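A.B. asks: This one is query-v6.txt, compact mmCIF, C-alpha atoms and all ligand atoms.
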# COMPACT_ATOMS: atom_id res chain seq x y z
CA MET A 1 81.70 88.59 94.41
CA THR A 2 80.26 90.27 97.52
CA TYR A 3 82.78 91.57 100.00
CA PRO A 4 82.04 91.96 103.71
CA ILE A 5 82.76 95.69 103.90
CA GLN A 6 82.18 98.30 101.20
CA TYR A 7 84.92 100.93 101.03
CA ASP A 8 84.54 104.36 99.47
CA MET A 9 87.65 105.73 97.74
CA LYS A 10 85.74 107.85 95.23
CA GLY A 11 88.05 110.37 93.60
CA GLN A 12 91.05 109.46 95.75
CA SER A 13 94.45 109.82 94.10
CA CYS A 14 96.64 106.72 94.44
CA PHE A 15 100.22 106.15 93.32
CA MET A 16 101.05 102.44 93.19
CA SER A 17 104.35 100.75 92.34
CA GLY A 18 104.57 97.07 91.44
CA ALA A 19 100.81 96.74 91.20
CA THR A 20 100.69 95.13 87.76
CA SER A 21 100.48 91.48 88.82
CA GLY A 22 99.75 89.13 91.68
CA ILE A 23 98.76 90.35 95.12
CA ASN A 24 99.34 94.02 94.36
CA GLU A 25 97.28 93.99 91.18
CA GLN A 26 94.33 92.69 93.19
CA ILE A 27 94.82 95.47 95.74
CA ALA A 28 94.76 97.99 92.88
CA ARG A 29 91.63 96.36 91.41
CA ARG A 30 89.82 96.61 94.72
CA PHE A 31 90.91 100.26 95.12
CA ALA A 32 89.53 100.97 91.62
CA GLU A 33 86.26 99.19 92.43
CA ALA A 34 86.00 101.51 95.44
CA GLY A 35 86.31 104.47 93.04
CA ALA A 36 89.99 105.38 93.32
CA ASN A 37 92.02 107.07 90.58
CA ILE A 38 95.25 105.13 90.21
CA PHE A 39 98.62 105.81 88.63
CA VAL A 40 100.52 102.56 88.37
CA ILE A 41 104.20 101.87 87.65
CA SER A 42 106.26 98.75 86.99
CA ARG A 43 108.99 97.82 84.52
CA SER A 44 106.98 96.15 81.78
CA PRO A 45 105.04 98.51 79.44
CA GLU A 46 102.69 95.64 78.56
CA LYS A 47 101.87 94.89 82.19
CA VAL A 48 101.32 98.59 82.91
CA GLN A 49 98.96 98.97 79.94
CA ARG A 50 97.04 95.79 80.78
CA THR A 51 96.62 96.98 84.37
CA VAL A 52 95.50 100.47 83.35
CA ASP A 53 92.85 98.90 81.11
CA MET A 54 91.74 96.56 83.90
CA LEU A 55 91.51 99.40 86.45
CA LYS A 56 89.38 101.53 84.13
CA GLU A 57 87.07 98.59 83.61
CA ALA A 58 86.90 98.07 87.38
CA GLY A 59 85.51 101.57 87.82
CA GLY A 60 88.35 103.96 88.51
CA GLU A 61 90.31 106.40 86.41
CA ALA A 62 93.77 105.04 85.66
CA SER A 63 97.07 105.87 84.06
CA GLY A 64 100.61 104.63 84.35
CA SER A 65 104.10 104.41 82.98
CA PRO A 66 106.86 101.82 82.76
CA VAL A 67 109.37 102.58 85.50
CA ASP A 68 112.06 100.62 87.30
CA VAL A 69 111.81 101.71 90.96
CA ARG A 70 115.59 101.43 91.28
CA ASP A 71 115.92 104.52 89.07
CA TYR A 72 115.00 107.46 91.29
CA ASP A 73 114.76 110.02 88.46
CA SER A 74 112.28 107.82 86.58
CA VAL A 75 110.18 107.48 89.72
CA VAL A 76 110.17 111.28 90.10
CA SER A 77 109.03 111.71 86.47
CA ALA A 78 106.16 109.30 87.02
CA VAL A 79 105.19 111.00 90.27
CA THR A 80 105.11 114.37 88.50
CA ARG A 81 102.78 112.95 85.84
CA ALA A 82 100.60 111.21 88.40
CA GLN A 83 100.22 114.35 90.51
CA ALA A 84 99.37 116.43 87.43
CA THR A 85 96.76 113.84 86.40
CA PHE A 86 95.03 112.98 89.68
CA GLY A 87 96.23 115.60 92.19
CA ASN A 88 97.99 115.20 95.52
CA PHE A 89 98.08 111.63 96.79
CA ASP A 90 95.63 110.11 99.26
CA VAL A 91 97.36 106.74 99.00
CA VAL A 92 100.93 105.80 98.14
CA PHE A 93 101.59 102.10 97.73
CA ALA A 94 104.97 100.38 97.21
CA GLY A 95 104.60 96.67 96.51
CA GLN A 96 107.29 95.63 94.05
CA ALA A 97 109.69 92.83 94.95
CA GLY A 98 112.19 90.43 93.53
CA ASN A 99 112.74 86.91 94.81
CA PHE A 100 114.56 83.71 93.93
CA PRO A 101 115.83 80.97 96.21
CA ALA A 102 119.62 81.11 96.51
CA GLY A 103 122.11 80.39 99.25
CA ALA A 104 124.16 83.26 100.66
CA ALA A 105 127.36 81.44 99.71
CA GLN A 106 126.13 80.79 96.19
CA MET A 107 124.56 84.05 95.01
CA SER A 108 126.64 86.88 93.57
CA ALA A 109 126.94 90.26 95.23
CA ASN A 110 124.87 91.65 92.38
CA ALA A 111 122.12 89.09 92.98
CA PHE A 112 121.90 90.18 96.63
CA LYS A 113 121.98 93.85 95.61
CA SER A 114 119.22 93.39 93.03
CA VAL A 115 116.71 92.29 95.65
CA ILE A 116 117.79 94.93 98.18
CA ASP A 117 117.47 97.60 95.49
CA ILE A 118 114.05 96.47 94.23
CA ASP A 119 112.44 95.84 97.62
CA LEU A 120 114.07 98.31 99.99
CA LEU A 121 115.62 101.11 97.94
CA GLY A 122 112.60 100.95 95.61
CA THR A 123 110.23 101.48 98.51
CA PHE A 124 112.33 104.38 99.77
CA ASN A 125 112.40 105.91 96.27
CA VAL A 126 108.61 105.76 95.95
CA PHE A 127 108.10 107.19 99.43
CA ARG A 128 110.73 109.92 98.96
CA ALA A 129 109.51 110.99 95.53
CA THR A 130 105.86 111.26 96.60
CA ILE A 131 105.97 112.76 100.07
CA GLU A 132 106.02 116.38 98.91
CA HIS A 133 102.83 115.67 96.94
CA ALA A 134 100.98 113.70 99.61
CA LYS A 135 97.79 115.09 101.15
CA LYS A 136 98.57 116.45 104.60
CA PRO A 137 96.78 115.59 106.74
CA GLY A 138 95.21 112.36 105.55
CA ALA A 139 97.60 110.50 103.25
CA SER A 140 98.15 106.80 103.81
CA TYR A 141 101.39 105.06 102.81
CA LEU A 142 101.49 101.30 102.45
CA ALA A 143 104.43 98.99 101.76
CA ILE A 144 104.46 95.22 101.29
CA SER A 145 106.64 93.17 103.59
CA ALA A 146 106.86 89.38 104.04
CA PRO A 147 107.25 86.82 106.83
CA GLN A 148 110.96 86.69 105.92
CA ALA A 149 111.33 90.11 107.60
CA THR A 150 111.07 88.62 111.06
CA ARG A 151 112.35 85.03 110.64
CA PRO A 152 115.56 83.81 109.01
CA TRP A 153 114.70 81.55 106.07
CA LEU A 154 116.97 79.19 104.19
CA PHE A 155 118.05 80.52 100.78
CA GLN A 156 116.33 83.86 101.45
CA SER A 157 119.06 86.03 103.04
CA HIS A 158 118.56 88.72 100.40
CA VAL A 159 114.77 88.80 100.87
CA CYS A 160 115.00 88.58 104.69
CA ALA A 161 117.39 91.53 104.78
CA ALA A 162 115.38 93.58 102.29
CA LYS A 163 112.00 93.04 103.93
CA ALA A 164 113.42 93.59 107.44
CA GLY A 165 114.59 96.92 106.06
CA VAL A 166 111.11 97.67 104.75
CA ASN A 167 109.65 97.00 108.21
CA MET A 168 112.01 99.51 109.78
CA LEU A 169 111.64 102.04 106.95
CA ILE A 170 107.88 102.30 107.45
CA LYS A 171 108.34 102.78 111.18
CA CYS A 172 110.89 105.59 110.70
CA CYS A 173 108.71 107.34 108.12
CA ALA A 174 105.66 106.96 110.37
CA LEU A 175 107.63 108.60 113.18
CA GLU A 176 108.83 111.47 111.00
CA TRP A 177 105.59 112.10 109.12
CA GLY A 178 103.03 111.47 111.85
CA ALA A 179 102.91 115.11 112.91
CA SER A 180 101.77 116.12 109.43
CA GLY A 181 98.92 113.62 109.55
CA VAL A 182 100.50 111.07 107.22
CA ARG A 183 100.17 107.40 108.20
CA VAL A 184 102.72 104.79 107.10
CA ASN A 185 102.13 101.05 107.42
CA ALA A 186 102.99 97.71 105.83
CA ILE A 187 101.23 94.41 105.26
CA SER A 188 103.09 91.14 105.58
CA PRO A 189 101.21 88.54 103.51
CA GLY A 190 101.61 84.86 104.23
CA PRO A 191 101.92 82.38 101.34
CA ILE A 192 99.39 83.48 98.73
CA ASP A 193 98.05 80.93 96.30
CA GLY A 194 98.49 81.43 92.57
CA THR A 195 101.19 84.09 92.78
CA GLU A 196 104.63 84.48 91.25
CA GLY A 197 106.17 84.48 94.72
CA MET A 198 104.77 81.08 95.62
CA GLU A 199 105.61 79.66 92.19
CA ARG A 200 109.22 80.57 92.87
CA LEU A 201 109.39 79.33 96.46
CA ALA A 202 107.08 76.29 96.26
CA PRO A 203 106.96 75.23 92.60
CA THR A 204 105.38 71.77 93.09
CA GLU A 205 101.97 70.73 94.41
CA GLU A 206 103.71 68.70 97.10
CA LEU A 207 105.64 71.73 98.33
CA LYS A 208 102.54 73.92 98.23
CA ALA A 209 100.70 71.40 100.41
CA LYS A 210 103.58 71.38 102.87
CA VAL A 211 103.64 75.17 103.02
CA ALA A 212 99.87 75.28 103.63
CA ASP A 213 100.21 72.66 106.34
CA ALA A 214 102.90 74.70 108.06
CA VAL A 215 100.53 77.67 108.40
CA ALA A 216 98.45 77.76 111.58
CA MET A 217 95.24 78.14 109.57
CA LYS A 218 96.21 75.18 107.35
CA ARG A 219 95.60 76.97 104.10
CA MET A 220 97.36 79.34 101.76
CA GLY A 221 95.95 82.83 101.58
CA ASN A 222 94.25 84.32 98.57
CA ARG A 223 94.73 87.71 97.01
CA ASP A 224 91.55 89.15 98.54
CA ASP A 225 92.77 88.24 102.03
CA ILE A 226 95.49 90.81 101.44
CA ALA A 227 93.37 93.32 99.49
CA GLU A 228 90.90 93.48 102.40
CA ALA A 229 93.74 94.32 104.77
CA ALA A 230 95.02 97.00 102.38
CA LEU A 231 91.57 98.59 102.00
CA TRP A 232 91.17 98.74 105.74
CA LEU A 233 94.63 100.18 106.41
CA CYS A 234 94.11 102.91 103.80
CA SER A 235 90.62 103.79 105.04
CA PRO A 236 89.54 106.23 107.77
CA ALA A 237 88.70 103.14 109.87
CA ALA A 238 92.45 102.86 110.49
CA SER A 239 92.90 106.57 111.21
CA TYR A 240 95.01 106.00 114.37
CA VAL A 241 97.10 103.14 112.95
CA THR A 242 100.59 104.04 111.87
CA GLY A 243 104.04 102.43 111.92
CA THR A 244 102.58 98.96 112.04
CA VAL A 245 103.24 95.81 110.04
CA LEU A 246 99.91 94.04 109.72
CA GLU A 247 100.60 90.33 109.52
CA ALA A 248 98.02 88.75 107.22
CA GLU A 249 99.94 85.47 107.37
CA GLY A 250 97.38 82.93 108.56
CA GLY A 251 99.63 82.45 111.58
CA MET A 252 102.65 81.43 109.51
CA THR A 253 105.23 82.87 111.87
CA LEU A 254 103.55 81.73 115.09
CA GLY A 255 105.32 78.40 115.11
CA ASP A 256 108.17 76.89 113.16
CA ALA A 257 106.31 77.26 109.88
CA THR A 258 109.34 78.33 107.92
CA ASN A 259 110.76 74.83 108.30
CA ALA A 260 108.46 74.01 105.39
CA MET A 261 110.90 75.82 103.17
CA LYS A 262 113.61 73.24 103.98
CA LEU A 263 111.62 70.71 102.05
C1 LIG B 301 120.87 83.16 91.80
C2 LIG B 301 120.16 84.91 90.46
C3 LIG B 301 118.95 84.25 90.20
C4 LIG B 301 118.74 82.97 90.80
C5 LIG B 301 118.94 86.13 89.14
N1 LIG B 301 120.11 86.07 89.77
N2 LIG B 301 118.20 85.04 89.38
N3 LIG B 301 121.11 84.38 91.25
N4 LIG B 301 119.73 82.48 91.59
N5 LIG B 301 117.63 82.27 90.60
C6 LIG B 301 121.19 87.02 89.73
C7 LIG B 301 121.71 87.27 88.32
O1 LIG B 301 122.64 86.28 87.90
C8 LIG B 301 122.37 88.64 88.48
O2 LIG B 301 123.63 88.53 89.10
C9 LIG B 301 121.47 89.34 89.46
O3 LIG B 301 120.74 88.31 90.15
C10 LIG B 301 120.48 90.25 88.77
O4 LIG B 301 119.78 89.49 87.81
P1 LIG B 301 119.03 90.16 86.58
O5 LIG B 301 118.27 89.10 85.88
O6 LIG B 301 120.00 90.98 85.79
O7 LIG B 301 118.10 91.20 87.36
P2 LIG B 301 116.76 91.90 86.97
O8 LIG B 301 116.50 91.80 85.48
O9 LIG B 301 116.83 93.22 87.59
O10 LIG B 301 115.63 90.99 87.68
C11 LIG B 301 115.45 91.00 89.08
C12 LIG B 301 115.18 89.60 89.62
C13 LIG B 301 114.03 88.89 88.82
C14 LIG B 301 114.84 89.74 91.10
C15 LIG B 301 116.44 88.76 89.48
O11 LIG B 301 113.81 87.59 89.33
C16 LIG B 301 112.75 89.68 88.84
O12 LIG B 301 112.54 90.57 88.02
N6 LIG B 301 111.82 89.40 89.77
C17 LIG B 301 110.50 90.12 89.88
C18 LIG B 301 109.36 89.18 90.13
C19 LIG B 301 109.48 88.43 91.42
O13 LIG B 301 110.57 88.04 91.86
N7 LIG B 301 108.34 88.17 92.06
C20 LIG B 301 108.25 87.42 93.30
C21 LIG B 301 107.99 88.32 94.45
S1 LIG B 301 107.48 87.32 95.82
P3 LIG B 301 125.03 88.58 88.25
O14 LIG B 301 126.09 88.50 89.28
O15 LIG B 301 124.99 87.42 87.31
O16 LIG B 301 125.01 89.91 87.51
C22 LIG B 301 108.33 87.69 97.18
C23 LIG B 301 108.06 87.03 98.53
C24 LIG B 301 107.39 85.70 98.57
O17 LIG B 301 109.12 88.54 97.13
C25 LIG B 301 107.17 85.29 100.02
C26 LIG B 301 106.39 84.01 100.16
C27 LIG B 301 105.98 83.69 101.57
P1 LIG B 302 104.62 89.54 91.47
O1 LIG B 302 103.35 89.10 90.82
O2 LIG B 302 105.91 89.09 90.91
O3 LIG B 302 104.58 91.14 91.50
C1 LIG B 302 105.74 91.92 91.53
C2 LIG B 302 105.38 93.28 90.95
O4 LIG B 302 106.49 94.15 91.09
C3 LIG B 302 105.04 93.25 89.48
O5 LIG B 302 104.06 94.20 89.22
C4 LIG B 302 106.35 93.64 88.82
O6 LIG B 302 106.08 94.19 87.52
C5 LIG B 302 106.85 94.68 89.83
N1 LIG B 302 108.30 94.90 89.85
C6 LIG B 302 109.27 93.98 90.04
N2 LIG B 302 110.47 94.56 89.99
C7 LIG B 302 110.24 95.89 89.77
C8 LIG B 302 111.09 97.01 89.62
N3 LIG B 302 112.42 96.90 89.65
N4 LIG B 302 110.52 98.23 89.40
C9 LIG B 302 109.17 98.36 89.34
N5 LIG B 302 108.33 97.33 89.47
C10 LIG B 302 108.86 96.11 89.68
O7 LIG B 302 104.65 89.19 93.03
P2 LIG B 302 103.65 88.60 94.13
O8 LIG B 302 104.04 87.20 94.39
O9 LIG B 302 102.25 88.93 93.87
O10 LIG B 302 104.17 89.47 95.39
C11 LIG B 302 103.71 90.80 95.56
C12 LIG B 302 104.28 91.39 96.84
O11 LIG B 302 103.87 90.59 97.95
C13 LIG B 302 105.79 91.45 96.90
O12 LIG B 302 106.19 92.61 97.61
C14 LIG B 302 106.15 90.21 97.68
O13 LIG B 302 107.41 90.33 98.30
C15 LIG B 302 105.02 90.17 98.67
N6 LIG B 302 104.75 88.85 99.23
C16 LIG B 302 104.29 87.87 98.41
C17 LIG B 302 103.95 86.64 98.94
C18 LIG B 302 103.38 85.55 98.06
O14 LIG B 302 102.95 84.51 98.58
N7 LIG B 302 103.34 85.74 96.76
C19 LIG B 302 104.11 86.41 100.30
C20 LIG B 302 104.62 87.44 101.11
C21 LIG B 302 104.94 88.65 100.57
P3 LIG B 302 107.20 94.24 86.34
O15 LIG B 302 107.61 92.85 86.08
O16 LIG B 302 106.45 94.90 85.22
O17 LIG B 302 108.29 95.11 86.86
Transcribe the structure of this file into structure tokens.

C.D. replies:
Amino acid sequence: MTYPIQYDMKGQSCFMSGATSGINEQIARRFAEAGANIFVISRSPEKVQRTVDMLKEAGGEASGSPVDVRDYDSVVSAVTRAQATFGNFDVVFAGQAGNFPAGAAQMSANAFKSVIDIDLLGTFNVFRATIEHAKKPGASYLAISAPQATRPWLFQSHVCAAKAGVNMLIKCCALEWGASGVRVNAISPGPIDGTEGMERLAPTEELKAKVADAVAMKRMGNRDDIAEAALWLCSPAASYVTGTVLEAEGGMTLGDATNAMKL
């Protein structure tokens, strides 16, 4: 496939959490194609290994380890290995998430906590564990948010709260780290076709069509729609962009699109 803009990440050191499937895996693939060296973490050893193999094939150097981002000490161990392997980080990416539809009056406290811990605490853990090893100036931090961060959705109180937290976390870190030349941003993807997230939220063809129809652009996004945004945000072209949540949502939150989820 030919992409509109060619990015050069040759030799850049990237630490990426939750990049072993779906949207984030495609972001990692595109970083590797641009020449990046990537250390990837997620829970499943099989997914980590498969991703490392894929990234090497795509053109980058790659390594990884199975880590649950909720466990800060494990994140620190992985960061230590990553820094020793590829050097101080040009890019730090936190993309892991958990999601299931459940009403606030039906889910357990532990169900709510699981999503908060994966999405929000996990992002903090990755940011906190890497910042001392980030290139200053020049490092780019990127988290993954969601349209739920800015609109209340039915059966998504846990995700809405977690992603709203992610939006504010990146802004606070951008404020604190801006003086050292570190940028911190997030991308909020709209509904992305063929992903675990959409399988969970819109499991039938009928629902998928309704979701697509509720988006201003009348289509679901694809994984490269988001990878392009990530490449740009982590490139020198975005050198004065920090503390922003880039909505690559096809206009999902412009109207009352989230009503689709009622169906
Ligand atoms: C109610 C549920 C539940 C469900 C789990 N729980 N699934 N409650 N409805 N469907 C409860 C469990 O009963 C338990 O509570 C608690 O949540 C933790 O469950 P575990 O299975 O022990 O947790 P864990 O193994 O840590 O798994 C985390 C997970 C799981 C979030 C529950 O689904 C997961 O690993 N997800 C990762 C992949 C994923 O979700 N991808 C989609 C991302 S898309 P009790 O009280 O019984 O102990 C996305 C946005 C899409 O985020 C936006 C689209 C526009
Ligand atoms: P996905 O394929 O389920 O990817 C989730 C990733 O996170 C996997 O690599 C998973 O690997 C990892 N992960 C989950 N829990 C983890 C934990 N505790 N510790 C470490 N890694 C963990 O999801 P997706 O649908 O592509 O979504 C990717 C991101 O985009 C998420 O942040 C999601 O909220 C956001 N988003 C998605 C959509 C959509 O339409 N899909 C829309 C808006 C926003 P392991 O299983 O190996 O841990």

A.B. asks: Can you list, as a list in words, every protein, DNA or RNA residue that comes within 12 Å of Thr195 (chain A) when you count all atoms listed in the file, leaving out same-chain residues fewer than 4 positions away?

C.D. replies: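 Answer for this query is Ser21, Gly22, Ile23, Asn24, Glu25, Gln26, Pro189, Gly190, Pro191, Glu199, Arg200, Leu201, Ala202, Pro203, Lys208, Met220, Gly221, Asn222 and Arg223 of chain A.
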
A.B. asks: Taking only C-alpha atoms and all ligand atoms into account, which of A:Asn185, A:Ser145, A:Asn88, A:Thr130 comes nearest ligand LIG 301 (chain B)?

C.D. replies: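 When distances to ligand LIG 301 (chain B) are compared using only C-alpha atoms and all ligand atoms, the smallest one comes from A:Ser145.
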
A.B. asks: In Å to one decimal, how far is CA of Gly18 (chain A) from atom N1 of ligand LIG 301 (chain B)?

C.D. replies: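 The value is 19.1 Å.
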
A.B. asks: Let me see if you get this right: every residue at most 7 Å from ligand LIG 302 (chain B), counting all atoms listed in the file, written as a ChimeraX atom specification.

C.D. replies: /A:17-24,41-45,47-48,67-70,95-98,118,144-147,188-193,195-198

A.B. asks: What lies within 10 Å of Tyr3 (chain A) using all atoms listed in the file, ignoring chain neighbours under 2 positions off, as a count of residues only?

C.D. replies: 6

A.B. asks: Nearest residue to ligand LIG 301 (chain B) out of A:Ala238, A:Ala84, A:Cys14, A:Val115, using all atoms listed in the file?

C.D. replies: A:Val115

A.B. asks: I need the residue nearest Trp177 (chain A) from this list: A:Ile38, A:Ile131, A:Met16, A:Ala58. Use all atoms listed in the file for the distance.

C.D. replies: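 Smallest separation from Trp177 (chain A) among the options: A:Ile131.
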
A.B. asks: Tell me which of A:Ala36, A:Ala139, A:Met54, A:Ala109 sits closest to ligand LIG 301 (chain B), counting all atoms listed in the file.

C.D. replies: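 So, comparing all the options, the nearest one is A:Ala109.
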
A.B. asks: Using all atoms listed in the file, find the one residue out of A:Gln148, A:Gln49, A:Ser65, A:Gln83 that sits nearest to ligand LIG 301 (chain B).

C.D. replies: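 Once distances to ligand LIG 301 (chain B) are computed over all atoms listed in the file, the minimum belongs to A:Gln148.
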
A.B. asks: Here is a test: counting all atoms listed in the file, which residue of A:Gly181, A:Val215, A:Ala82, A:Thr253 is nearest to Pro152 (chain A)?

C.D. replies: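 Among the listed residues, A:Thr253 lies closest to Pro152 (chain A).
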